[in-house]
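One file, structure_4.cif, carrying mmCIF, C-alpha atoms:
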```
data_structure
#
loop_
_atom_site.label_atom_id
_atom_site.label_comp_id
_atom_site.auth_asym_id
_atom_site.auth_seq_id
_atom_site.Cartn_x
_atom_site.Cartn_y
_atom_site.Cartn_z
CA MET A 60 -14.75 -1.80 -18.93
CA THR A 61 -12.57 -3.46 -21.48
CA SER A 62 -10.92 -6.88 -21.51
CA HIS A 63 -8.09 -8.69 -23.26
CA THR A 64 -7.20 -12.37 -23.49
CA LYS A 65 -3.89 -13.94 -24.42
CA TYR A 66 -2.73 -17.55 -24.27
CA LEU A 67 0.84 -18.74 -23.89
CA THR A 68 1.90 -22.26 -24.86
CA PHE A 69 4.87 -23.96 -23.23
CA ASN A 70 6.70 -27.08 -24.22
CA THR A 71 9.66 -27.15 -21.89
CA PRO A 72 12.54 -29.53 -22.75
CA GLN A 73 12.63 -30.86 -19.18
CA ARG A 74 9.73 -32.02 -17.03
CA ARG A 75 10.57 -29.29 -14.49
CA ALA A 76 11.21 -25.76 -15.55
CA LEU A 77 10.88 -22.16 -14.46
CA VAL A 78 10.12 -19.57 -17.14
CA ASN A 79 10.15 -15.82 -16.45
CA ILE A 80 6.96 -14.60 -18.14
CA THR A 81 7.03 -11.00 -16.92
CA PRO A 82 7.82 -9.73 -20.47
CA GLU A 83 4.81 -11.63 -21.87
CA CYS A 84 2.59 -10.11 -19.17
CA GLU A 85 3.88 -6.65 -20.08
CA SER A 86 3.19 -7.31 -23.77
CA ALA A 87 -0.36 -8.44 -22.99
CA LEU A 88 -0.90 -5.25 -21.01
CA ALA A 89 0.38 -3.08 -23.85
CA GLU A 90 -1.90 -4.90 -26.33
CA SER A 91 -4.89 -4.38 -24.04
CA GLY A 92 -4.45 -0.62 -23.71
CA ILE A 93 -5.75 -0.92 -20.14
CA ARG A 94 -4.41 1.63 -17.64
CA GLU A 95 -6.22 0.65 -14.42
CA GLY A 96 -7.34 -2.87 -13.61
CA MET A 97 -6.25 -6.41 -12.88
CA MET A 98 -4.45 -9.12 -14.84
CA LEU A 99 -5.11 -12.78 -14.07
CA VAL A 100 -2.20 -15.08 -14.95
CA SER A 101 -3.40 -18.64 -14.62
CA ALA A 102 -2.08 -22.06 -15.65
CA MET A 103 -4.67 -24.03 -17.62
CA HIS A 104 -3.18 -27.35 -16.55
CA ILE A 105 -3.19 -28.86 -13.09
CA THR A 106 0.45 -29.83 -12.92
CA ALA A 107 1.97 -26.34 -13.19
CA ALA A 108 1.98 -23.21 -11.04
CA VAL A 109 2.39 -19.46 -11.39
CA TRP A 110 4.62 -17.73 -8.86
CA VAL A 111 5.56 -14.15 -8.14
CA ASN A 112 9.00 -14.24 -6.58
CA ASP A 113 12.60 -13.12 -6.82
CA ASN A 114 14.47 -13.77 -10.09
CA GLU A 115 17.38 -15.31 -8.18
CA PRO A 116 18.29 -18.87 -9.19
CA GLY A 117 19.19 -19.96 -5.64
CA ILE A 118 15.81 -19.21 -4.11
CA LEU A 119 13.97 -20.75 -7.05
CA GLN A 120 15.93 -23.98 -6.62
CA ASP A 121 15.33 -23.81 -2.85
CA ALA A 122 11.60 -23.66 -3.57
CA MET A 123 11.77 -26.64 -5.94
CA ASP A 124 13.75 -28.57 -3.27
CA MET A 125 11.17 -27.75 -0.58
CA LEU A 126 8.36 -28.96 -2.82
CA GLU A 127 10.26 -32.19 -3.49
CA GLU A 128 10.30 -32.75 0.29
CA LEU A 129 6.62 -31.96 0.76
CA ALA A 130 5.32 -33.77 -2.33
CA PRO A 131 8.08 -36.06 -3.59
CA GLU A 132 8.09 -37.65 -7.00
CA GLY A 133 7.43 -41.31 -6.31
CA PRO A 134 5.69 -44.40 -7.55
CA ASP A 135 3.00 -44.93 -4.96
CA TYR A 136 0.35 -42.22 -5.30
CA ARG A 137 -3.25 -43.38 -5.72
CA HIS A 138 -3.41 -41.26 -8.88
CA HIS A 139 -0.94 -43.62 -10.55
CA ARG A 140 -3.54 -46.41 -10.65
CA THR A 141 -4.94 -44.50 -13.63
CA GLY A 142 -1.66 -45.07 -15.50
CA GLU A 143 -0.32 -41.57 -14.78
CA ASP A 144 3.02 -40.96 -13.07
CA ASN A 145 2.66 -37.27 -12.21
CA GLY A 146 0.87 -37.34 -8.83
CA HIS A 147 3.63 -35.24 -7.28
CA ALA A 148 3.04 -32.52 -9.87
CA HIS A 149 -0.64 -32.19 -8.95
CA LEU A 150 0.30 -31.84 -5.28
CA LYS A 151 2.98 -29.22 -5.96
CA ASN A 152 0.42 -27.27 -8.00
CA LEU A 153 -2.02 -27.34 -5.07
CA LEU A 154 0.58 -26.22 -2.54
CA THR A 155 1.85 -23.23 -4.48
CA HIS A 156 -1.31 -22.25 -6.42
CA HIS A 157 -1.84 -22.10 -10.15
CA GLN A 158 -2.53 -18.41 -10.53
CA VAL A 159 -1.75 -14.85 -9.49
CA ILE A 160 -3.41 -11.49 -10.03
CA LEU A 161 -1.22 -8.57 -11.06
CA PRO A 162 -2.51 -5.06 -10.29
CA ILE A 163 -2.36 -2.50 -13.11
CA THR A 164 -1.82 1.18 -12.31
CA ASN A 165 -1.09 4.03 -14.73
CA GLY A 166 -0.75 1.56 -17.58
CA LYS A 167 1.93 -0.53 -15.85
CA LEU A 168 2.10 -3.78 -13.89
CA ASP A 169 2.17 -2.46 -10.32
CA LEU A 170 4.77 -4.87 -8.94
CA GLY A 171 7.24 -4.45 -6.11
CA PRO A 172 10.97 -4.04 -6.77
CA TRP A 173 11.81 -7.78 -6.87
CA GLN A 174 8.51 -9.23 -8.03
CA THR A 175 8.95 -11.37 -11.14
CA VAL A 176 6.26 -13.60 -12.65
CA PHE A 177 7.18 -17.24 -13.31
CA TYR A 178 5.46 -20.11 -15.04
CA VAL A 179 6.50 -23.16 -13.01
CA GLU A 180 6.35 -26.49 -14.79
CA PHE A 181 6.24 -29.70 -12.75
CA ASP A 182 5.37 -32.12 -15.57
CA GLY A 183 6.49 -30.67 -18.87
CA ALA A 184 8.09 -31.91 -22.06
CA ARG A 185 4.69 -31.58 -23.75
CA SER A 186 2.40 -28.78 -24.84
CA LYS A 187 0.69 -26.87 -22.02
CA ARG A 188 -1.19 -23.58 -21.90
CA LEU A 189 -1.60 -20.53 -19.67
CA ILE A 190 -4.14 -17.72 -19.89
CA ILE A 191 -3.49 -14.02 -19.31
CA LYS A 192 -6.83 -12.27 -18.81
CA THR A 193 -6.83 -8.52 -18.29
CA ILE A 194 -9.83 -6.40 -17.32
CA GLY A 195 -10.02 -2.71 -16.58
CA GLU A 196 -10.30 0.60 -18.34
CA MET B 28 -16.02 0.73 -14.18
CA THR B 29 -14.06 2.68 -11.62
CA SER B 30 -10.87 1.84 -9.77
CA HIS B 31 -9.00 2.87 -6.65
CA THR B 32 -5.43 2.27 -5.50
CA LYS B 33 -3.99 2.53 -2.02
CA TYR B 34 -0.60 1.52 -0.67
CA LEU B 35 0.20 0.54 2.91
CA THR B 36 3.73 0.67 4.29
CA PHE B 37 4.83 -1.58 7.14
CA ASN B 38 7.93 -1.42 9.28
CA THR B 39 7.31 -4.02 11.94
CA PRO B 40 9.55 -3.97 15.04
CA GLN B 41 10.15 -7.72 14.80
CA ARG B 42 11.11 -9.74 11.74
CA ARG B 43 7.87 -11.74 12.09
CA ALA B 44 4.57 -10.06 12.64
CA LEU B 45 0.87 -10.38 11.96
CA VAL B 46 -1.07 -7.16 11.35
CA ASN B 47 -4.87 -7.09 11.07
CA ILE B 48 -5.47 -4.87 8.04
CA THR B 49 -9.24 -5.33 7.74
CA PRO B 50 -9.84 -1.71 8.86
CA GLU B 51 -7.48 -0.40 6.16
CA CYS B 52 -9.29 -2.50 3.55
CA GLU B 53 -12.60 -1.05 4.72
CA SER B 54 -11.18 2.48 4.52
CA ALA B 55 -9.94 1.87 0.99
CA LEU B 56 -13.38 0.63 0.02
CA ALA B 57 -15.06 3.71 1.49
CA GLU B 58 -12.62 5.98 -0.37
CA SER B 59 -13.32 4.17 -3.65
CA GLY B 60 -17.09 4.57 -3.49
CA ILE B 61 -17.38 1.17 -5.18
CA ARG B 62 -20.47 -0.89 -4.30
CA GLU B 63 -19.98 -4.03 -6.42
CA GLY B 64 -16.62 -5.43 -7.40
CA MET B 65 -13.37 -6.97 -6.18
CA MET B 66 -10.50 -5.79 -4.00
CA LEU B 67 -7.02 -7.20 -4.53
CA VAL B 68 -4.85 -7.11 -1.39
CA SER B 69 -1.32 -8.04 -2.39
CA ALA B 70 2.09 -7.86 -0.74
CA MET B 71 4.63 -6.06 -2.96
CA HIS B 72 7.54 -7.93 -1.39
CA ILE B 73 8.35 -11.60 -1.74
CA THR B 74 8.95 -12.35 1.92
CA ALA B 75 5.47 -11.54 3.25
CA ALA B 76 1.99 -13.00 2.81
CA VAL B 77 -1.65 -11.94 3.02
CA TRP B 78 -4.01 -14.29 4.83
CA VAL B 79 -7.73 -14.37 5.44
CA ASN B 80 -8.23 -16.26 8.68
CA ASP B 81 -9.60 -16.16 12.22
CA ASN B 82 -8.47 -13.31 14.48
CA GLU B 83 -7.59 -15.78 17.23
CA PRO B 84 -3.99 -15.62 18.49
CA GLY B 85 -3.70 -19.39 19.02
CA ILE B 86 -4.43 -20.38 15.44
CA LEU B 87 -2.20 -17.63 14.06
CA GLN B 88 0.70 -18.91 16.15
CA ASP B 89 -0.14 -22.49 15.10
CA ALA B 90 0.17 -21.35 11.48
CA MET B 91 3.52 -19.69 12.12
CA ASP B 92 4.72 -22.88 13.88
CA MET B 93 3.63 -25.07 10.96
CA LEU B 94 5.48 -22.84 8.51
CA GLU B 95 8.60 -23.03 10.67
CA GLU B 96 8.41 -26.83 10.31
CA LEU B 97 7.86 -26.75 6.55
CA ALA B 98 10.34 -23.97 5.74
CA PRO B 99 12.59 -23.49 8.76
CA GLU B 100 14.80 -20.49 9.28
CA GLY B 101 18.31 -21.83 8.77
CA PRO B 102 21.71 -21.08 7.37
CA ASP B 103 21.94 -23.45 4.43
CA TYR B 104 19.59 -22.27 1.68
CA ARG B 105 21.11 -21.73 -1.76
CA HIS B 106 19.67 -18.21 -1.68
CA HIS B 107 22.08 -17.32 1.13
CA ARG B 108 25.06 -17.51 -1.26
CA THR B 109 23.92 -14.08 -2.40
CA GLY B 110 24.54 -12.71 1.10
CA GLU B 111 20.85 -12.84 2.12
CA ASP B 112 19.64 -14.72 5.19
CA ASN B 113 15.91 -14.79 4.49
CA GLY B 114 15.46 -17.89 2.33
CA HIS B 115 12.88 -19.27 4.74
CA ALA B 116 10.75 -16.13 4.29
CA HIS B 117 10.57 -16.58 0.50
CA LEU B 118 9.45 -20.18 0.99
CA LYS B 119 6.80 -19.27 3.57
CA ASN B 120 5.50 -16.63 1.15
CA LEU B 121 5.21 -19.23 -1.62
CA LEU B 122 3.39 -21.75 0.59
CA THR B 123 0.74 -19.38 1.90
CA HIS B 124 0.43 -16.98 -1.07
CA HIS B 125 1.07 -13.26 -1.16
CA GLN B 126 -2.42 -12.06 -2.04
CA VAL B 127 -6.16 -12.44 -1.60
CA ILE B 128 -9.21 -11.06 -3.39
CA LEU B 129 -12.05 -9.70 -1.27
CA PRO B 130 -15.53 -9.60 -2.85
CA ILE B 131 -17.48 -6.35 -2.53
CA THR B 132 -21.28 -6.45 -2.33
CA ASN B 133 -23.64 -3.59 -1.49
CA GLY B 134 -20.72 -1.33 -0.66
CA LYS B 135 -19.23 -3.71 1.92
CA LEU B 136 -16.47 -6.31 2.04
CA ASP B 137 -18.44 -9.53 1.62
CA LEU B 138 -16.58 -11.62 4.18
CA GLY B 139 -17.74 -14.56 6.28
CA PRO B 140 -18.31 -14.23 10.03
CA TRP B 141 -14.73 -14.95 11.11
CA GLN B 142 -12.81 -13.78 8.05
CA THR B 143 -10.17 -11.24 8.99
CA VAL B 144 -7.46 -9.94 6.63
CA PHE B 145 -3.85 -10.12 7.85
CA TYR B 146 -0.56 -8.84 6.54
CA VAL B 147 1.93 -11.53 7.51
CA GLU B 148 5.54 -10.46 7.78
CA PHE B 149 8.30 -13.08 7.62
CA ASP B 150 11.29 -10.73 7.25
CA GLY B 151 10.42 -7.34 8.67
CA ALA B 152 12.13 -4.65 10.70
CA ARG B 153 12.41 -2.60 7.51
CA SER B 154 10.07 -0.73 5.21
CA LYS B 155 7.81 -2.90 3.06
CA ARG B 156 4.71 -2.17 0.97
CA LEU B 157 1.34 -3.68 0.10
CA ILE B 158 -1.15 -2.64 -2.57
CA ILE B 159 -4.94 -2.53 -2.22
CA LYS B 160 -6.46 -2.31 -5.70
CA THR B 161 -10.23 -2.06 -5.99
CA ILE B 162 -12.23 -2.28 -9.21
CA GLY B 163 -15.98 -2.23 -9.71
CA GLU B 164 -18.84 0.19 -9.97
CA MET C 114 -19.31 -3.22 -16.14
CA THR C 115 -21.85 -5.55 -14.63
CA SER C 116 -21.67 -7.85 -11.63
CA HIS C 117 -23.43 -10.86 -10.21
CA THR C 118 -23.38 -12.48 -6.78
CA LYS C 119 -24.40 -15.97 -5.77
CA TYR C 120 -23.97 -17.84 -2.49
CA LEU C 121 -23.78 -21.60 -2.08
CA THR C 122 -24.46 -23.29 1.26
CA PHE C 123 -22.92 -26.63 2.15
CA ASN C 124 -23.74 -29.01 4.96
CA THR C 125 -21.67 -32.06 4.18
CA PRO C 126 -22.52 -35.29 6.02
CA GLN C 127 -18.85 -35.88 6.88
CA ARG C 128 -16.36 -33.42 8.33
CA ARG C 129 -14.21 -33.83 5.21
CA ALA C 130 -15.67 -33.69 1.77
CA LEU C 131 -14.92 -32.70 -1.80
CA VAL C 132 -17.77 -31.25 -3.86
CA ASN C 133 -17.49 -30.58 -7.60
CA ILE C 134 -19.02 -27.09 -7.97
CA THR C 135 -18.19 -26.53 -11.64
CA PRO C 136 -21.90 -26.82 -12.60
CA GLU C 137 -22.85 -24.17 -10.02
CA CYS C 138 -20.14 -21.85 -11.37
CA GLU C 139 -21.51 -22.37 -14.89
CA SER C 140 -25.04 -21.60 -13.67
CA ALA C 141 -23.86 -18.42 -11.97
CA LEU C 142 -22.17 -17.36 -15.20
CA ALA C 143 -25.33 -18.01 -17.24
CA GLU C 144 -27.40 -15.98 -14.73
CA SER C 145 -24.92 -13.09 -14.92
CA GLY C 146 -25.03 -12.78 -18.70
CA ILE C 147 -21.34 -11.78 -18.58
CA ARG C 148 -19.25 -12.73 -21.62
CA GLU C 149 -15.80 -11.35 -20.71
CA GLY C 150 -14.52 -11.02 -17.17
CA MET C 151 -13.54 -12.86 -14.01
CA MET C 152 -15.35 -15.04 -11.49
CA LEU C 153 -14.16 -15.18 -7.88
CA VAL C 154 -15.05 -18.44 -6.11
CA SER C 155 -14.24 -18.01 -2.43
CA ALA C 156 -15.04 -19.94 0.75
CA MET C 157 -16.56 -17.67 3.42
CA HIS C 158 -15.28 -19.88 6.25
CA ILE C 159 -11.70 -20.38 7.30
CA THR C 160 -11.73 -24.16 7.50
CA ALA C 161 -12.48 -24.92 3.85
CA ALA C 162 -10.68 -24.41 0.54
CA VAL C 163 -11.45 -24.04 -3.14
CA TRP C 164 -9.31 -26.02 -5.56
CA VAL C 165 -9.04 -26.26 -9.31
CA ASN C 166 -7.79 -29.74 -10.07
CA ASP C 167 -8.44 -33.01 -11.83
CA ASN C 168 -11.76 -34.77 -11.18
CA GLU C 169 -9.97 -38.04 -10.48
CA PRO C 170 -10.67 -39.61 -7.07
CA GLY C 171 -7.12 -40.91 -6.60
CA ILE C 172 -5.39 -37.55 -6.86
CA LEU C 173 -7.99 -35.88 -4.64
CA GLN C 174 -7.39 -38.49 -1.93
CA ASP C 175 -3.63 -38.08 -2.44
CA ALA C 176 -4.05 -34.37 -1.77
CA MET C 177 -6.08 -34.99 1.38
CA ASP C 178 -3.41 -37.47 2.56
CA MET C 179 -0.62 -34.97 1.94
CA LEU C 180 -2.47 -32.32 3.93
CA GLU C 181 -2.96 -34.79 6.78
CA GLU C 182 0.83 -35.18 6.86
CA LEU C 183 1.54 -31.45 6.77
CA ALA C 184 -1.23 -30.35 9.16
CA PRO C 185 -2.48 -33.44 11.00
CA GLU C 186 -5.70 -33.57 12.93
CA GLY C 187 -4.56 -33.70 16.54
CA PRO C 188 -5.33 -32.57 20.03
CA ASP C 189 -2.47 -30.18 20.77
CA TYR C 190 -2.88 -27.01 18.68
CA ARG C 191 -2.87 -23.72 20.58
CA HIS C 192 -6.21 -22.94 18.92
CA HIS C 193 -7.82 -25.74 20.93
CA ARG C 194 -7.42 -23.77 24.17
CA THR C 195 -10.45 -21.82 22.95
CA GLY C 196 -12.52 -25.03 23.06
CA GLU C 197 -12.29 -25.67 19.31
CA ASP C 198 -10.94 -28.92 17.87
CA ASN C 199 -10.44 -27.85 14.24
CA GLY C 200 -6.94 -26.35 14.27
CA HIS C 201 -5.84 -28.70 11.51
CA ALA C 202 -8.65 -27.41 9.25
CA HIS C 203 -7.46 -23.80 9.55
CA LEU C 204 -3.95 -24.89 8.59
CA LYS C 205 -5.11 -26.93 5.61
CA ASN C 206 -7.10 -23.91 4.45
CA LEU C 207 -4.01 -21.71 4.64
CA LEU C 208 -1.82 -24.19 2.74
CA THR C 209 -4.17 -24.71 -0.20
CA HIS C 210 -5.92 -21.30 -0.30
CA HIS C 211 -9.60 -20.51 0.11
CA GLN C 212 -10.29 -19.07 -3.32
CA VAL C 213 -9.69 -19.17 -7.05
CA ILE C 214 -10.43 -16.85 -9.95
CA LEU C 215 -11.94 -18.32 -13.09
CA PRO C 216 -11.43 -16.41 -16.35
CA ILE C 217 -14.51 -15.87 -18.54
CA THR C 218 -14.13 -15.69 -22.33
CA ASN C 219 -16.90 -15.67 -24.96
CA GLY C 220 -19.50 -16.34 -22.28
CA LYS C 221 -17.79 -19.48 -20.96
CA LEU C 222 -15.52 -20.43 -18.07
CA ASP C 223 -12.13 -20.44 -19.78
CA LEU C 224 -10.73 -23.56 -18.10
CA GLY C 225 -8.18 -26.06 -19.31
CA PRO C 226 -9.20 -29.59 -20.35
CA TRP C 227 -8.98 -31.17 -16.87
CA GLN C 228 -9.69 -28.15 -14.69
CA THR C 229 -12.59 -28.83 -12.34
CA VAL C 230 -13.61 -26.54 -9.45
CA PHE C 231 -13.98 -28.14 -6.01
CA TYR C 232 -15.25 -26.95 -2.67
CA VAL C 233 -13.03 -28.70 -0.16
CA GLU C 234 -14.42 -29.13 3.33
CA PHE C 235 -12.06 -29.79 6.23
CA ASP C 236 -14.54 -29.26 9.09
CA GLY C 237 -18.06 -29.84 7.86
CA ALA C 238 -21.23 -31.48 9.15
CA ARG C 239 -22.63 -27.98 9.68
CA SER C 240 -23.81 -25.11 7.52
CA LYS C 241 -21.08 -23.22 5.67
CA ARG C 242 -21.12 -20.74 2.81
CA LEU C 243 -19.21 -19.84 -0.35
CA ILE C 244 -19.49 -16.78 -2.58
CA ILE C 245 -19.36 -16.69 -6.38
CA LYS C 246 -18.76 -13.11 -7.50
CA THR C 247 -18.64 -12.37 -11.21
CA ILE C 248 -17.64 -9.09 -12.81
CA GLY C 249 -17.28 -8.19 -16.45
CA GLU C 250 -19.33 -7.15 -19.40
#
```
Turn the structure described in the file into structure tokens.
Amino acid sequence: MTSHTKYLTFNTPQRRALVNITPECESALAESGIREGMMLVSAMHITAAVWVNDNEPGILQDAMDMLEELAPEGPDYRHHRTGEDNGHAHLKNLLTHHQVILPITNGKLDLGPWQTVFYVEFDGARSKRLIIKTIGE
Amino acid sequence: MTSHTKYLTFNTPQRRALVNITPECESALAESGIREGMMLVSAMHITAAVWVNDNEPGILQDAMDMLEELAPEGPDYRHHRTGEDNGHAHLKNLLTHHQVILPITNGKLDLGPWQTVFYVEFDGARSKRLIIKTIGE
Amino acid sequence: MTSHTKYLTFNTPQRRALVNITPECESALAESGIREGMMLVSAMHITAAVWVNDNEPGILQDAMDMLEELAPEGPDYRHHRTGEDNGHAHLKNLLTHHQVILPITNGKLDLGPWQTVFYVEFDGARSKRLIIKTIGE
């Protein structure tokens, strides 16, 4: 078994952002030399998510709108008693999960025809990290 | 380390369907010969999910009903400007995740007493794929 | 490749509970001797979840409150026709996922600064299990 670790750092201009990181995942795979295995793509902060979905701006905005309904940005979360204002971002992270696993077959990410990997920022405009951990052979 | 890859293809008669795929996961494990490791079970389309839950029809329908409340099928998603009509299915996929990892111990899927693996189709009636990727030794 | 398996058993005094299991994950890693790999932390019951989030009581209660809105405890789920009363717990499990993967780098859990691992009980006051499966080298 071999393994490979890569970190990405984001500092998005807006507090909410969607970044297509499929090319970075492909680069990490090429660096690893792994041909069969699994790649974990995981946000290291608790106010961001990782999604695999369609690279179509409409559906991505639909998803952001749905999350705003389910976990709206607002002033009255208990978390804000600590001085924070990002309670909604923690909840959006919990609802859509902070990580995915990408299968690796024949030296490629084994994704379906429309599967694109996104880093999803709910509380950006500051430095945040993500880990890409690949294991296999 | 060894690895094994298997693809399942679904073409459900209805657009929504729940398929118990635990037997297929067990078959994949037997084919792999792996005794300790992890099995990734992941939808390759972005309008389907993979759940581990109770094989009890009531709770499965309850889950479908909840998702219909949170991400209803309807005509007004931004995604539909592309000509699609399945925006709700993308959102249901995001809320319940498109993949699970099954632990493998002593040559068996190491699941709890009621844990059953389901492929959950939100936009079927056409050919769609899922990958079962197993790594271990 | 090497692997390591550990089970935790919970019997929380209340039906809902949040237990910080980061120390148990660190112990499992030390027992495994693995320095590079992945750790699966997965509830073996379908009415509990595993979260990675901030160890701040306010946000954890905010998350429980949000889930009570999205999947309220109530008497009228179809699942209750079987005699059960925990339909809400199955739904909360589905919405927030029953498992996470922790990356392992240089012999440590490779978590971000605020990432804490929680076992989240939605239907406790009885014996329930969780598996920690580690693979790597």
Practice prompt. I need the residue set behind the PyMOL selection byres ((chain B and resi 71) around 6) for this file; please write it as a VMD selection string.
Written response: (chain A and resid 171) or (chain B and resid 70 72 156 to 157)
Could you please tell me, as an mmCIF file with C-alpha atoms, in the coordinates of the input, which residues of chain C have an atom within 9 Å of chain B when using only C-alpha atoms?
```cif
data_model
loop_
_atom_site.group_PDB
_atom_site.id
_atom_site.type_symbol
_atom_site.label_atom_id
_atom_site.label_comp_id
_atom_site.auth_asym_id
_atom_site.auth_seq_id
_atom_site.Cartn_x
_atom_site.Cartn_y
_atom_site.Cartn_z
ATOM 1 C CA MET C 114 -19.310 -3.220 -16.140
ATOM 2 C CA THR C 115 -21.850 -5.550 -14.630
ATOM 3 C CA SER C 116 -21.670 -7.850 -11.630
ATOM 4 C CA HIS C 117 -23.430 -10.860 -10.210
ATOM 5 C CA THR C 118 -23.380 -12.480 -6.780
ATOM 6 C CA LEU C 153 -14.160 -15.180 -7.880
ATOM 7 C CA SER C 155 -14.240 -18.010 -2.430
ATOM 8 C CA ALA C 156 -15.040 -19.940 0.750
ATOM 9 C CA MET C 157 -16.560 -17.670 3.420
ATOM 10 C CA HIS C 158 -15.280 -19.880 6.250
ATOM 11 C CA ILE C 159 -11.700 -20.380 7.300
ATOM 12 C CA THR C 160 -11.730 -24.160 7.500
ATOM 13 C CA LEU C 183 1.540 -31.450 6.770
ATOM 14 C CA ALA C 184 -1.230 -30.350 9.160
ATOM 15 C CA TYR C 190 -2.880 -27.010 18.680
ATOM 16 C CA ARG C 191 -2.870 -23.720 20.580
ATOM 17 C CA HIS C 192 -6.210 -22.940 18.920
ATOM 18 C CA HIS C 193 -7.820 -25.740 20.930
ATOM 19 C CA ARG C 194 -7.420 -23.770 24.170
ATOM 20 C CA THR C 195 -10.450 -21.820 22.950
ATOM 21 C CA GLY C 200 -6.940 -26.350 14.270
ATOM 22 C CA HIS C 203 -7.460 -23.800 9.550
ATOM 23 C CA LEU C 204 -3.950 -24.890 8.590
ATOM 24 C CA ASN C 206 -7.100 -23.910 4.450
ATOM 25 C CA LEU C 207 -4.010 -21.710 4.640
ATOM 26 C CA LEU C 208 -1.820 -24.190 2.740
ATOM 27 C CA THR C 209 -4.170 -24.710 -0.200
ATOM 28 C CA HIS C 210 -5.920 -21.300 -0.300
ATOM 29 C CA HIS C 211 -9.600 -20.510 0.110
ATOM 30 C CA GLN C 212 -10.290 -19.070 -3.320
ATOM 31 C CA VAL C 213 -9.690 -19.170 -7.050
ATOM 32 C CA ILE C 214 -10.430 -16.850 -9.950
ATOM 33 C CA ARG C 242 -21.120 -20.740 2.810
ATOM 34 C CA LEU C 243 -19.210 -19.840 -0.350
ATOM 35 C CA ILE C 244 -19.490 -16.780 -2.580
ATOM 36 C CA ILE C 245 -19.360 -16.690 -6.380
ATOM 37 C CA LYS C 246 -18.760 -13.110 -7.500
ATOM 38 C CA THR C 247 -18.640 -12.370 -11.210
ATOM 39 C CA ILE C 248 -17.640 -9.090 -12.810
#
```
Please identify all polymer residues within 12 Å of Ser140 of chain C, counting only C-alpha atoms, omitting same-chain residues fewer than 5 positions from it, and present them as a PDB file with C-alpha atoms, keeping the file's coordinate frame.
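Once written, around.pdb looks like this:
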```pdb
ATOM      1  CA  HIS C 117     -23.430 -10.860 -10.210  1.00  0.00           C
ATOM      2  CA  THR C 118     -23.380 -12.480  -6.780  1.00  0.00           C
ATOM      3  CA  LYS C 119     -24.400 -15.970  -5.770  1.00  0.00           C
ATOM      4  CA  TYR C 120     -23.970 -17.840  -2.490  1.00  0.00           C
ATOM      5  CA  LEU C 121     -23.780 -21.600  -2.080  1.00  0.00           C
ATOM      6  CA  ILE C 134     -19.020 -27.090  -7.970  1.00  0.00           C
ATOM      7  CA  THR C 135     -18.190 -26.530 -11.640  1.00  0.00           C
ATOM      8  CA  SER C 145     -24.920 -13.090 -14.920  1.00  0.00           C
ATOM      9  CA  GLY C 146     -25.030 -12.780 -18.700  1.00  0.00           C
ATOM     10  CA  ILE C 147     -21.340 -11.780 -18.580  1.00  0.00           C
ATOM     11  CA  MET C 152     -15.350 -15.040 -11.490  1.00  0.00           C
ATOM     12  CA  GLY C 220     -19.500 -16.340 -22.280  1.00  0.00           C
ATOM     13  CA  LYS C 221     -17.790 -19.480 -20.960  1.00  0.00           C
ATOM     14  CA  LEU C 222     -15.520 -20.430 -18.070  1.00  0.00           C
ATOM     15  CA  ILE C 245     -19.360 -16.690  -6.380  1.00  0.00           C
ATOM     16  CA  THR C 247     -18.640 -12.370 -11.210  1.00  0.00           C
TER      17      THR C 247
END
```
Worksheet item: Expanded to explicit residues, what is the PyMOL selection byres ((chain C and resi 231-238) around 6) for this file, as a ChimeraX atom specification?
Response: /C:124-134,160-164,202,230,239
Worksheet entry | Distance of atom CA of Val68 of chain B from atom CA of Thr36 of chain B, expressed in Å to one decimal place |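 Atom-to-atom, atom CA of Thr36 of chain B and atom CA of Val68 of chain B are spaced 12.9 Å apart.
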For segment 155-159 of chain C, take all atoms listed in the file, fit an axis-aligned box around them, add 5 Å to each of the six sides, then output centre and edge lengths in Å rounded to one decimal, as lines of an AutoDock Vina configuration file.
```
center_x = -14.1
center_y = -19.0
center_z = 2.4
size_x = 14.9
size_y = 12.7
size_z = 19.7
```
Worksheet entry | One-decimal distance in Å that lies between atom CA of Lys155 of chain B and atom CA of Ala87 of chain A |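 We find that atom CA of Ala87 of chain A and atom CA of Lys155 of chain B lie 27.9 Å from each other.
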Fill in: d(atom CA of Ala89 of chain A, atom CA of Phe69 of chain A) in Å
21.4 Å
